[in-house]
$ cat protein_9.cif   # mmCIF, C-alpha atoms and all ligand atoms
data_query
loop_
_atom_site.label_atom_id
_atom_site.label_comp_id
_atom_site.auth_asym_id
_atom_site.auth_seq_id
_atom_site.Cartn_x
_atom_site.Cartn_y
_atom_site.Cartn_z
CA MET A 1071 116.36 118.09 72.05
CA ASP A 1072 116.72 116.31 75.37
CA ALA A 1073 113.78 117.08 77.66
CA MET A 1074 116.33 117.55 80.43
CA ARG A 1075 117.43 120.92 79.07
CA GLN A 1076 114.21 122.48 80.37
CA ARG A 1077 114.14 120.62 83.65
CA SER A 1078 115.33 122.36 86.76
CA LEU A 1079 118.63 120.94 88.02
CA HIS A 1080 117.52 121.45 91.60
CA GLN A 1081 114.40 119.41 90.85
CA THR A 1082 116.65 116.61 89.61
CA ALA A 1083 118.67 116.75 92.85
CA VAL A 1084 115.46 116.57 94.90
CA GLU A 1085 114.10 113.64 92.89
CA GLN A 1086 117.38 111.75 93.34
CA PHE A 1087 117.26 111.91 97.12
CA GLN A 1088 113.49 111.30 97.28
CA ARG A 1089 113.92 107.95 95.49
CA ALA A 1090 116.36 106.78 98.15
CA ALA A 1091 114.23 108.34 100.91
CA ASP A 1092 111.35 106.09 99.77
CA LEU A 1093 113.61 103.03 100.00
CA VAL A 1094 114.74 103.69 103.57
CA GLY A 1095 111.60 105.39 104.91
CA ILE A 1096 112.83 108.89 105.66
CA GLU A 1097 110.28 110.99 107.58
CA ASP A 1098 108.33 113.60 105.63
CA ARG A 1099 109.51 116.51 107.76
CA TYR A 1100 113.17 115.71 106.99
CA ARG A 1101 112.37 115.33 103.30
CA ALA A 1102 110.70 118.75 103.35
CA ILE A 1103 113.73 120.33 105.02
CA LEU A 1104 116.17 118.72 102.57
CA SER A 1105 114.07 119.75 99.56
CA HIS A 1106 114.97 123.41 100.12
CA PRO A 1107 118.19 125.24 100.93
CA LYS A 1108 118.21 126.86 104.36
CA ASN A 1109 119.59 130.16 103.09
CA GLU A 1110 119.89 131.71 99.65
CA VAL A 1111 122.30 134.64 99.55
CA ILE A 1112 122.43 136.69 96.33
CA VAL A 1113 124.76 139.66 96.04
CA ASN A 1114 125.24 142.21 93.26
CA PHE A 1115 128.58 143.95 93.57
CA PRO A 1116 130.45 146.60 91.54
CA VAL A 1117 134.02 146.11 90.33
CA GLN A 1118 136.17 148.51 88.34
CA MET A 1119 137.64 147.08 85.13
CA ASP A 1120 141.18 147.79 83.91
CA ASP A 1121 139.84 150.34 81.39
CA GLY A 1122 138.23 152.39 84.16
CA THR A 1123 134.62 151.30 83.54
CA TRP A 1124 132.51 149.64 86.23
CA ARG A 1125 130.65 146.37 86.03
CA ILE A 1126 128.07 144.83 88.32
CA PHE A 1127 128.49 141.11 88.98
CA ARG A 1128 125.95 138.73 90.48
CA GLY A 1129 127.20 136.25 93.06
CA TYR A 1130 125.50 133.46 94.97
CA ARG A 1131 126.04 131.50 98.15
CA ILE A 1132 123.44 128.85 98.79
CA GLN A 1133 123.55 127.19 102.20
CA HIS A 1134 121.65 123.94 101.91
CA ASN A 1135 122.01 122.21 105.26
CA ASN A 1136 124.20 122.45 108.38
CA VAL A 1137 122.85 119.79 110.72
CA LEU A 1138 126.08 117.77 110.50
CA GLY A 1139 128.49 120.74 110.65
CA PRO A 1140 129.38 124.08 109.04
CA TYR A 1141 128.21 124.67 105.48
CA LYS A 1142 130.82 123.48 102.98
CA GLY A 1143 131.19 123.65 99.22
CA GLY A 1144 132.92 125.28 96.29
CA LEU A 1145 132.61 128.54 94.39
CA ARG A 1146 131.99 128.27 90.66
CA PHE A 1147 132.95 131.06 88.22
CA HIS A 1148 131.26 130.33 84.90
CA PRO A 1149 128.99 132.22 82.46
CA ASP A 1150 126.13 129.76 83.08
CA VAL A 1151 126.06 130.03 86.88
CA ASN A 1152 122.48 130.63 88.02
CA LEU A 1153 120.35 130.20 91.13
CA ASP A 1154 118.86 126.84 90.13
CA GLU A 1155 122.29 125.34 89.39
CA VAL A 1156 123.85 126.55 92.62
CA LYS A 1157 120.87 125.24 94.63
CA ALA A 1158 121.35 121.76 93.12
CA LEU A 1159 125.11 121.83 93.67
CA ALA A 1160 124.60 122.91 97.30
CA ALA A 1161 122.20 120.02 97.96
CA TRP A 1162 124.67 117.54 96.42
CA MET A 1163 127.32 118.79 98.89
CA THR A 1164 125.06 117.95 101.86
CA PHE A 1165 124.63 114.36 100.64
CA LYS A 1166 128.31 114.02 99.67
CA CYS A 1167 129.56 115.11 103.11
CA ALA A 1168 126.98 112.92 104.87
CA LEU A 1169 127.82 109.89 102.71
CA VAL A 1170 131.56 110.03 103.48
CA GLY A 1171 130.95 110.85 107.15
CA LEU A 1172 132.42 114.36 107.37
CA PRO A 1173 131.21 116.69 110.16
CA LEU A 1174 130.23 119.23 107.50
CA GLY A 1175 127.06 120.46 105.85
CA GLY A 1176 126.40 121.46 102.25
CA ALA A 1177 126.67 124.76 100.38
CA LYS A 1178 127.74 126.11 97.00
CA GLY A 1179 128.33 129.51 95.52
CA GLY A 1180 129.47 131.22 92.41
CA VAL A 1181 129.58 134.22 90.16
CA THR A 1182 128.05 134.47 86.69
CA ILE A 1183 131.19 135.41 84.82
CA ASP A 1184 133.52 134.25 82.05
CA PRO A 1185 136.91 134.18 83.80
CA SER A 1186 138.76 134.08 80.46
CA GLU A 1187 137.54 137.65 79.75
CA HIS A 1188 139.35 139.10 82.74
CA SER A 1189 142.94 140.02 83.56
CA GLU A 1190 144.51 138.72 86.76
CA ALA A 1191 144.18 142.18 88.32
CA GLU A 1192 140.46 142.32 87.52
CA MET A 1193 139.98 138.80 88.86
CA GLN A 1194 141.65 139.76 92.12
CA ARG A 1195 139.31 142.74 92.55
CA ILE A 1196 136.30 140.57 91.69
CA VAL A 1197 137.22 137.90 94.25
CA ARG A 1198 137.95 140.46 96.97
CA ARG A 1199 134.76 142.41 96.35
CA PHE A 1200 132.68 139.19 96.23
CA THR A 1201 134.22 138.14 99.56
CA HIS A 1202 133.35 141.54 101.03
CA ALA A 1203 129.79 141.28 99.71
CA LEU A 1204 129.37 137.85 101.31
CA GLY A 1205 130.57 139.38 104.59
CA THR A 1206 129.61 137.38 107.66
CA ASN A 1207 127.61 134.90 105.58
CA ILE A 1208 130.87 132.93 105.42
CA GLY A 1209 133.29 132.09 108.25
CA PRO A 1210 135.57 129.27 109.45
CA GLU A 1211 132.94 127.85 111.80
CA HIS A 1212 129.96 128.82 109.67
CA ASP A 1213 130.40 128.41 105.92
CA ILE A 1214 133.64 127.42 104.23
CA PRO A 1215 134.02 127.89 100.44
CA ALA A 1216 136.54 126.08 98.21
CA PRO A 1217 137.47 125.91 94.53
CA ASP A 1218 135.14 124.54 91.85
CA VAL A 1219 134.87 125.03 88.07
CA GLY A 1220 136.64 128.28 87.08
CA THR A 1221 138.27 128.99 90.45
CA ASN A 1222 141.70 128.03 91.82
CA SER A 1223 144.07 128.24 94.78
CA GLN A 1224 145.15 131.80 93.92
CA MET A 1225 141.52 132.93 94.18
CA MET A 1226 141.11 131.11 97.50
CA ASP A 1227 144.27 132.87 98.79
CA TRP A 1228 142.75 136.26 97.89
CA LEU A 1229 139.48 135.28 99.55
CA MET A 1230 141.28 134.26 102.76
CA ASP A 1231 143.40 137.42 102.75
CA THR A 1232 140.35 139.64 102.27
CA PHE A 1233 138.43 137.90 105.04
CA ALA A 1234 141.47 138.10 107.36
CA ASN A 1235 141.82 141.83 106.69
CA LEU A 1236 138.14 142.38 107.44
CA SER A 1237 138.40 140.39 110.68
CA GLY A 1238 140.71 142.61 112.73
CA PRO A 1239 144.30 142.00 113.80
CA ALA A 1240 143.62 139.68 116.74
CA SER A 1241 141.85 137.06 114.65
CA ARG A 1242 143.89 137.34 111.43
CA HIS A 1243 145.29 133.84 111.80
CA LEU A 1244 142.26 132.28 113.44
CA VAL A 1245 140.26 132.78 110.27
CA LYS A 1246 142.59 130.95 107.86
CA GLY A 1247 140.09 128.12 107.68
CA VAL A 1248 137.41 130.40 106.20
CA VAL A 1249 138.22 128.79 102.85
CA THR A 1250 139.95 125.60 101.68
CA GLY A 1251 141.83 124.86 98.49
CA LYS A 1252 144.36 127.58 99.32
CA SER A 1253 147.96 127.29 98.12
CA VAL A 1254 150.21 125.29 100.44
CA LEU A 1255 152.18 128.53 101.06
CA CYS A 1256 149.07 130.24 102.45
CA GLY A 1257 147.81 127.38 104.63
CA GLY A 1258 146.52 124.93 102.04
CA SER A 1259 146.99 121.17 102.38
CA VAL A 1260 149.44 119.12 100.38
CA GLY A 1261 147.41 116.88 98.09
CA ARG A 1262 144.37 119.22 97.84
CA GLU A 1263 145.12 120.23 94.25
CA GLU A 1264 144.92 116.64 92.94
CA ALA A 1265 142.56 115.33 95.67
CA THR A 1266 139.41 115.11 93.54
CA GLY A 1267 141.17 113.24 90.72
CA GLN A 1268 142.93 111.02 93.24
CA GLY A 1269 139.61 110.23 94.90
CA VAL A 1270 138.03 109.37 91.53
CA LEU A 1271 140.84 106.85 90.99
CA TYR A 1272 140.37 105.32 94.47
CA THR A 1273 136.69 104.75 93.80
CA LEU A 1274 137.64 103.15 90.46
CA ARG A 1275 140.08 100.85 92.29
CA HIS A 1276 137.31 99.89 94.69
CA TRP A 1277 134.96 99.14 91.78
CA CYS A 1278 137.68 96.96 90.23
CA GLY A 1279 137.98 94.98 93.47
CA GLU A 1280 134.22 94.65 93.76
CA THR A 1281 133.72 93.48 90.19
CA GLY A 1282 136.92 91.46 89.78
CA GLN A 1283 138.70 93.64 87.18
CA ARG A 1284 142.28 94.79 86.86
CA LEU A 1285 142.85 98.53 86.89
CA ASP A 1286 145.85 98.26 84.57
CA GLN A 1287 143.73 96.60 81.91
CA LEU A 1288 141.09 99.30 81.67
CA SER A 1289 140.67 101.76 78.82
CA VAL A 1290 139.25 105.15 79.70
CA ALA A 1291 137.56 108.17 78.06
CA VAL A 1292 137.65 111.47 79.94
CA GLN A 1293 135.42 114.51 79.37
CA GLY A 1294 137.16 117.57 80.80
CA PHE A 1295 140.87 118.16 81.32
CA GLY A 1296 140.86 120.73 84.11
CA ASN A 1297 141.68 120.17 87.75
CA VAL A 1298 139.57 117.02 88.04
CA GLY A 1299 139.83 115.39 84.60
CA GLY A 1300 143.47 116.35 84.16
CA HIS A 1301 144.72 115.00 87.48
CA PHE A 1302 142.53 111.92 87.19
CA SER A 1303 143.96 111.17 83.71
CA ARG A 1304 147.53 111.61 84.94
CA LEU A 1305 147.02 109.33 87.95
CA ALA A 1306 145.02 106.72 86.01
CA ASN A 1307 147.72 106.66 83.33
CA GLU A 1308 150.39 106.20 86.04
CA ALA A 1309 148.34 103.31 87.46
CA GLY A 1310 148.40 101.57 84.07
CA CYS A 1311 145.04 102.57 82.55
CA ARG A 1312 144.97 103.38 78.84
CA VAL A 1313 143.42 106.85 78.38
CA VAL A 1314 142.26 106.69 74.76
CA VAL A 1315 140.18 109.81 74.32
CA VAL A 1316 140.08 113.16 76.14
CA SER A 1317 138.03 116.27 75.46
CA ASP A 1318 137.90 119.78 76.87
CA HIS A 1319 136.26 123.04 75.79
CA THR A 1320 138.90 123.46 73.07
CA GLY A 1321 138.77 120.05 71.37
CA THR A 1322 138.88 116.25 71.48
CA VAL A 1323 142.00 114.08 71.02
CA SER A 1324 142.27 110.37 70.75
CA SER A 1325 144.83 107.57 70.39
CA GLU A 1326 143.88 103.93 70.31
CA LYS A 1327 147.18 102.92 71.90
CA GLY A 1328 146.64 105.40 74.74
CA LEU A 1329 147.46 109.12 74.84
CA ASP A 1330 150.75 110.42 76.24
CA ILE A 1331 148.96 112.02 79.19
CA ASP A 1332 152.00 113.71 80.73
CA ALA A 1333 152.73 115.44 77.42
CA LEU A 1334 149.04 116.36 77.01
CA TRP A 1335 148.96 117.75 80.55
CA ASP A 1336 152.04 119.95 79.94
CA TRP A 1337 150.54 121.10 76.63
CA ALA A 1338 147.20 122.02 78.23
CA GLN A 1339 148.97 123.95 81.03
CA ASP A 1340 150.98 125.96 78.49
CA HIS A 1341 148.23 126.53 75.91
CA GLY A 1342 145.06 126.82 78.01
CA GLY A 1343 143.56 123.64 76.52
CA ILE A 1344 144.26 120.51 74.53
CA ALA A 1345 143.67 122.05 71.06
CA GLY A 1346 146.78 121.94 68.88
CA PHE A 1347 148.36 119.01 70.76
CA ALA A 1348 147.72 116.38 68.07
CA ASP A 1349 149.40 118.51 65.38
CA SER A 1350 152.39 119.36 67.56
CA ALA A 1351 155.70 117.52 67.89
CA TYR A 1352 154.51 116.22 71.27
CA GLY A 1353 151.31 114.63 70.01
CA ILE A 1354 152.83 111.53 68.40
CA GLY A 1355 150.07 108.99 67.77
CA ALA A 1356 147.33 111.41 68.81
CA GLU A 1357 144.67 112.68 66.43
CA ASP A 1358 141.99 115.34 66.61
CA VAL A 1359 138.53 113.82 66.40
CA LEU A 1360 134.95 115.09 66.49
CA THR A 1361 133.39 115.65 69.93
CA ASP A 1362 130.93 112.84 69.22
CA GLU A 1363 133.77 110.32 69.26
CA LEU A 1364 134.27 111.00 72.94
CA PHE A 1365 130.92 109.31 73.47
CA THR A 1366 131.09 106.60 70.80
CA THR A 1367 134.65 105.27 71.25
CA PRO A 1368 134.52 101.82 72.88
CA VAL A 1369 136.15 102.01 76.34
CA ASP A 1370 135.75 100.26 79.66
CA VAL A 1371 135.21 103.43 81.68
CA PHE A 1372 133.67 106.78 80.71
CA VAL A 1373 134.60 109.60 83.06
CA PRO A 1374 132.57 112.83 82.80
CA ALA A 1375 134.73 115.45 84.54
CA ALA A 1376 133.21 118.67 83.26
CA LEU A 1377 129.74 120.14 83.79
CA GLU A 1378 126.28 118.77 84.60
CA ASN A 1379 123.74 117.27 82.17
CA GLN A 1380 126.32 115.81 79.79
CA ILE A 1381 125.04 112.22 79.62
CA THR A 1382 121.68 112.87 78.06
CA ALA A 1383 119.33 110.15 76.78
CA ALA A 1384 120.81 110.44 73.28
CA ARG A 1385 124.38 110.06 74.54
CA ALA A 1386 123.45 107.26 76.96
CA HIS A 1387 122.20 105.32 73.91
CA VAL A 1388 125.53 105.55 72.09
CA LEU A 1389 128.05 105.18 74.93
CA GLN A 1390 130.18 102.04 74.50
CA CYS A 1391 131.40 101.54 78.07
CA ARG A 1392 130.79 99.32 81.06
CA LEU A 1393 131.07 101.98 83.74
CA VAL A 1394 130.27 105.69 84.05
CA LEU A 1395 132.48 107.14 86.78
CA GLU A 1396 130.98 110.52 87.71
CA ALA A 1397 133.89 112.85 88.44
CA ALA A 1398 131.73 115.92 87.72
CA ASN A 1399 128.70 116.93 89.76
CA GLY A 1400 125.39 115.92 88.18
CA PRO A 1401 126.77 114.80 84.80
CA THR A 1402 123.98 112.29 84.09
CA THR A 1403 120.41 113.41 83.40
CA PRO A 1404 117.60 111.27 84.88
CA GLU A 1405 116.62 110.19 81.34
CA GLY A 1406 120.24 109.31 80.61
CA GLU A 1407 120.47 107.29 83.79
CA THR A 1408 117.37 105.23 82.94
CA ILE A 1409 118.93 104.32 79.59
CA LEU A 1410 122.31 103.45 81.15
CA GLU A 1411 120.47 101.20 83.59
CA SER A 1412 118.50 99.46 80.84
CA ARG A 1413 121.74 98.86 78.91
CA GLY A 1414 123.45 97.37 81.98
CA ILE A 1415 126.02 100.20 82.21
CA GLU A 1416 127.01 100.76 85.83
CA VAL A 1417 127.31 104.20 87.45
CA VAL A 1418 129.58 105.18 90.33
CA PRO A 1419 127.73 108.33 91.46
CA ASP A 1420 129.21 111.82 91.81
CA VAL A 1421 128.60 112.06 95.57
CA LEU A 1422 131.10 109.23 96.02
CA ALA A 1423 133.38 109.49 92.99
CA ASN A 1424 134.29 113.18 93.39
CA ALA A 1425 134.19 113.38 97.20
CA GLY A 1426 138.02 113.37 97.39
CA GLY A 1427 138.04 117.16 96.98
CA VAL A 1428 135.88 117.96 99.97
CA ILE A 1429 137.54 115.23 102.06
CA VAL A 1430 140.97 116.84 101.65
CA SER A 1431 139.29 120.25 102.17
CA TYR A 1432 138.21 118.88 105.53
CA PHE A 1433 141.82 117.86 106.23
CA GLU A 1434 142.94 121.38 105.31
CA TRP A 1435 140.38 122.86 107.70
CA LEU A 1436 141.61 120.57 110.51
CA GLN A 1437 145.24 121.52 109.80
CA ASN A 1438 144.33 125.23 109.94
CA LYS A 1439 142.53 124.78 113.27
CA SER A 1440 145.59 123.15 114.83
CA SER A 1441 148.27 125.17 112.93
CA ARG A 1442 149.81 121.95 111.70
CA ALA A 1443 150.85 120.59 108.30
CA TRP A 1444 150.22 116.93 107.56
CA SER A 1445 152.51 114.88 105.30
CA ALA A 1446 151.46 113.81 101.81
CA GLU A 1447 151.38 110.18 103.05
CA ASP A 1448 149.02 111.11 105.89
CA VAL A 1449 146.65 112.97 103.56
CA ASP A 1450 146.67 110.17 101.02
CA SER A 1451 146.15 107.27 103.38
CA ARG A 1452 143.33 109.04 105.24
CA LEU A 1453 141.67 110.01 101.98
CA ARG A 1454 141.86 106.44 100.76
CA SER A 1455 140.48 104.98 103.96
CA ILE A 1456 137.47 107.37 104.04
CA LEU A 1457 136.61 106.62 100.40
CA TRP A 1458 137.09 102.90 100.95
CA GLN A 1459 134.69 102.87 103.88
CA ALA A 1460 132.10 104.89 101.99
CA SER A 1461 132.42 102.57 98.98
CA ASP A 1462 132.03 99.53 101.24
CA SER A 1463 128.92 101.00 102.84
CA ILE A 1464 127.40 101.56 99.39
CA VAL A 1465 128.09 97.94 98.42
CA ALA A 1466 126.49 96.69 101.67
CA THR A 1467 123.48 99.01 101.35
CA ARG A 1468 122.97 97.98 97.74
CA ALA A 1469 122.89 94.34 98.74
CA GLU A 1470 120.43 95.16 101.53
CA LEU A 1471 118.05 97.27 99.44
CA GLY A 1472 118.57 95.80 95.97
CA CYS A 1473 119.03 99.22 94.39
CA THR A 1474 121.44 101.23 92.23
CA ARG A 1475 124.73 102.61 93.54
CA ARG A 1476 123.32 106.13 93.47
CA GLU A 1477 120.27 105.13 95.51
CA ALA A 1478 122.50 103.27 97.97
CA ALA A 1479 124.80 106.31 98.32
CA TYR A 1480 121.81 108.53 99.10
CA ALA A 1481 120.40 105.92 101.48
CA VAL A 1482 123.63 105.93 103.51
CA ALA A 1483 123.66 109.75 103.58
CA LEU A 1484 119.96 110.06 104.46
CA ARG A 1485 120.19 107.55 107.29
CA ARG A 1486 123.03 109.59 108.82
CA LEU A 1487 121.11 112.82 108.46
CA GLN A 1488 117.91 111.30 109.87
CA ALA A 1489 119.74 109.78 112.87
CA VAL A 1490 121.17 113.19 113.79
CA TYR A 1491 117.84 114.97 113.29
CA ASP A 1492 116.13 112.34 115.45
CA ARG A 1493 118.51 113.09 118.34
CA ARG A 1494 118.56 116.87 117.98
CA ASP A 1495 114.93 117.21 116.88
CA ILE A 1496 113.69 120.32 115.11
CA PHE A 1497 113.93 123.59 117.01
CA PRO A 1498 111.91 125.06 118.78
N1 LIG B 1 133.90 121.94 94.59
C1 LIG B 1 134.23 120.64 95.10
C2 LIG B 1 133.01 119.73 95.10
O1 LIG B 1 132.11 119.90 94.33
C3 LIG B 1 134.94 120.72 96.45
C4 LIG B 1 134.17 121.36 97.57
C5 LIG B 1 134.98 121.62 98.82
O2 LIG B 1 136.15 121.22 98.87
O3 LIG B 1 134.41 122.19 99.75
O4 LIG B 1 132.93 118.77 95.82
#

$ encode --input "protein_9.cif" --output "structure tokens" --more "lines below"
Ligand code: GLU
Amino acid sequence: MDAMRQRSLHQTAVEQFQRAADLVGIEDRYRAILSHPKNEVIVNFPVQMDDGTWRIFRGYRIQHNNVLGPYKGGLRFHPDVNLDEVKALAAWMTFKCALVGLPLGGAKGGVTIDPSEHSEAEMQRIVRRFTHALGTNIGPEHDIPAPDVGTNSQMMDWLMDTFANLSGPASRHLVKGVVTGKSVLCGGSVGREEATGQGVLYTLRHWCGETGQRLDQLSVAVQGFGNVGGHFSRLANEAGCRVVVVSDHTGTVSSEKGLDIDALWDWAQDHGGIAGFADSAYGIGAEDVLTDELFTTPVDVFVPAALENQITAARAHVLQCRLVLEAANGPTTPEGETILESRGIEVVPDVLANAGGVIVSYFEWLQNKSSRAWSAEDVDSRLRSILWQASDSIVATRAELGCTRREAAYAVALRRLQAVYDRRDIFP
């Protein structure tokens, strides 16, 4: 068994930033601050089920750092959500926002729950009661949640509506920006739904430019076919990439010639996953394969777009790719990363690759503040330019420090954080 399974995820997050902090000489007091979340909010709240019984749910909101701006980060609804995981995810948000230059801090939250066990009515009551339990710990100028694994725009709409109803009539519309990732109807931004996948593709384009490759000649394997993996696969396929193997929690499908991603996407929307696609009339050329083949199929780019700790040492040994493009948060274990490095497999780190989501969340928040709606072209071109600049700064920092892309990404983020702390100093 991989040693990583016992290691704390938060400890991994701390070790990642400490390595870069050594390279750029970050002061000890800032390292100490960034090694702990500022606030850890845990709530236990009762919700009535459809059959009349009551259940207590445990929810978290971890506020890691707000020196650059209000706390920002998603809400995860998954059976494995726990304090250690949410602490790590919150820290990653701080470094992600700092890396791409957003005036936002880092946070993350979640509920330990299996969403597939609940009806829509139960889910609405759970979201509303969780929002109520969080109370004034969230707010449009204080801490702004968003979707993550297991949550969606409908849940963000309920969260916003609950918060607005708790805020009193005069500020009903002022508080729209309490959450991002809402539906466009309720004040969401065009482009937010696909923003993370779109951002992953922009960072792949940048890597192609940097390393002299053609995007339309790349073959790709994708782990996860939800909001991130699904949209990324669609957009990569449109851009000419050959997506040869895709997996989700229901199965793994492959086609050497490249999967019909649009058909697979429609199938997954209708059936709750990719299982059954290969045997259907739509799955021409596709075959069901064992999960292991996701990792062993030779491809140019491997895209983990599911949960953390997927690229373990064992899997890093068998991967047959040139690049790992981290669409998920924390998909590579430290042991896995060492092996990738020794095998010459490059890694575009999560804090860059999946930053498209929080960047367009920031755009949504700005639109809510000014009661405006930007065009799709505006959203897209601004997203691209922010990711391009961040990618350029990683390339420059890597050349300066002679380090990995992940270390360079953290170095850029830490320098920004340190510069602001130096000016503001630590109160009192
Ligand atoms: N959950 C996403 C992430 O991990 C988006 C966060 C946000 O938009 O605030 O980056």

$ atom_distance --input "protein_9.cif" --atom1 "CA of Val1151 in chain A" --atom2 "CA of Met1225 in chain A"
17.3 Å

$ atom_distance --input "protein_9.cif" --atom1 "CA of Glu1110 in chain A" --atom2 "CA of Leu1487 in chain A"
20.9 Å

$ residues_near_ligand --input "protein_9.cif" --ligand "ligand LIG 1 (chain B)" --cutoff "6 Å" --atoms "all atoms listed in the file" --output "list in words"
Lys1142, Gly1143, Gly1144, Pro1215, Ala1216, Pro1217, Asp1218, Ala1425, Gly1427, Val1428 and Ser1431 of chain A

$ residues_around --input "protein_9.cif" --residues "range 1111-1114 of chain A" --least-positions-apart "5" --cutoff "9 Å" --atoms "all atoms listed in the file" --output "list in words"
Ile1126, Phe1127, Arg1128, Gly1129, Tyr1130, Arg1131, Ile1132, Gln1133, Leu1153, Gly1179, Phe1200, Ala1203, Leu1204 and Asn1207 of chain A

$ residues_around --input "protein_9.cif" --residues "Asp1184 in chain A" --least-positions-apart "3" --cutoff "7 Å" --atoms "only C-alpha atoms" --output "PyMOL selection string"
chain A and resi 1147-1149+1187

$ residues_around --input "protein_9.cif" --residues "Leu1364 in chain A" --least-positions-apart "3" --cutoff "12 Å" --atoms "only C-alpha atoms" --output "count of residues only"
34

$ closest_residue --input "protein_9.cif" --among "A:Leu1138, A:Val1245, A:Val1394, A:Met1119" --to "His1188 in chain A" --atoms "only C-alpha atoms"
A:Met1119

$ atom_distance --input "protein_9.cif" --atom1 "CA of Trp1337 in chain A" --atom2 "CA of Val1260 in chain A"
23.9 Å

$ closest_residue --input "protein_9.cif" --among "A:Ser1259, A:Thr1250, A:Thr1206, A:Asn1297" --to "Leu1236 in chain A" --atoms "only C-alpha atoms"
A:Thr1206

$ residues_around --input "protein_9.cif" --residues "Glu1190 in chain A" --least-positions-apart "6" --cutoff "12 Å" --atoms "only C-alpha atoms" --output "number ranges by chain"
A: 1119-1120, 1196-1197, 1224-1225, 1228

$ decode --input "protein_9.cif" --residues "range 1170-1184 of chain A" --atoms "C-alpha atoms" --output "tab-separated table (two decimals), in the first residue's frame"
chain	number	residue	atom	x	y	z
A	1170	VAL	CA	-2.82	34.10	-10.63
A	1171	GLY	CA	-2.92	37.52	-8.97
A	1172	LEU	CA	-6.53	37.63	-7.74
A	1173	PRO	CA	-7.40	39.95	-4.82
A	1174	LEU	CA	-8.78	36.94	-2.95
A	1175	GLY	CA	-7.69	34.68	-0.11
A	1176	GLY	CA	-8.13	30.95	0.35
A	1177	ALA	CA	-10.86	28.83	1.95
A	1178	LYS	CA	-12.69	25.56	1.41
A	1179	GLY	CA	-15.69	23.87	2.90
A	1180	GLY	CA	-17.83	20.83	2.58
A	1181	VAL	CA	-20.24	18.35	4.03
A	1182	THR	CA	-19.55	14.67	4.68
A	1183	ILE	CA	-22.37	13.25	2.62
A	1184	ASP	CA	-23.12	11.02	-0.36
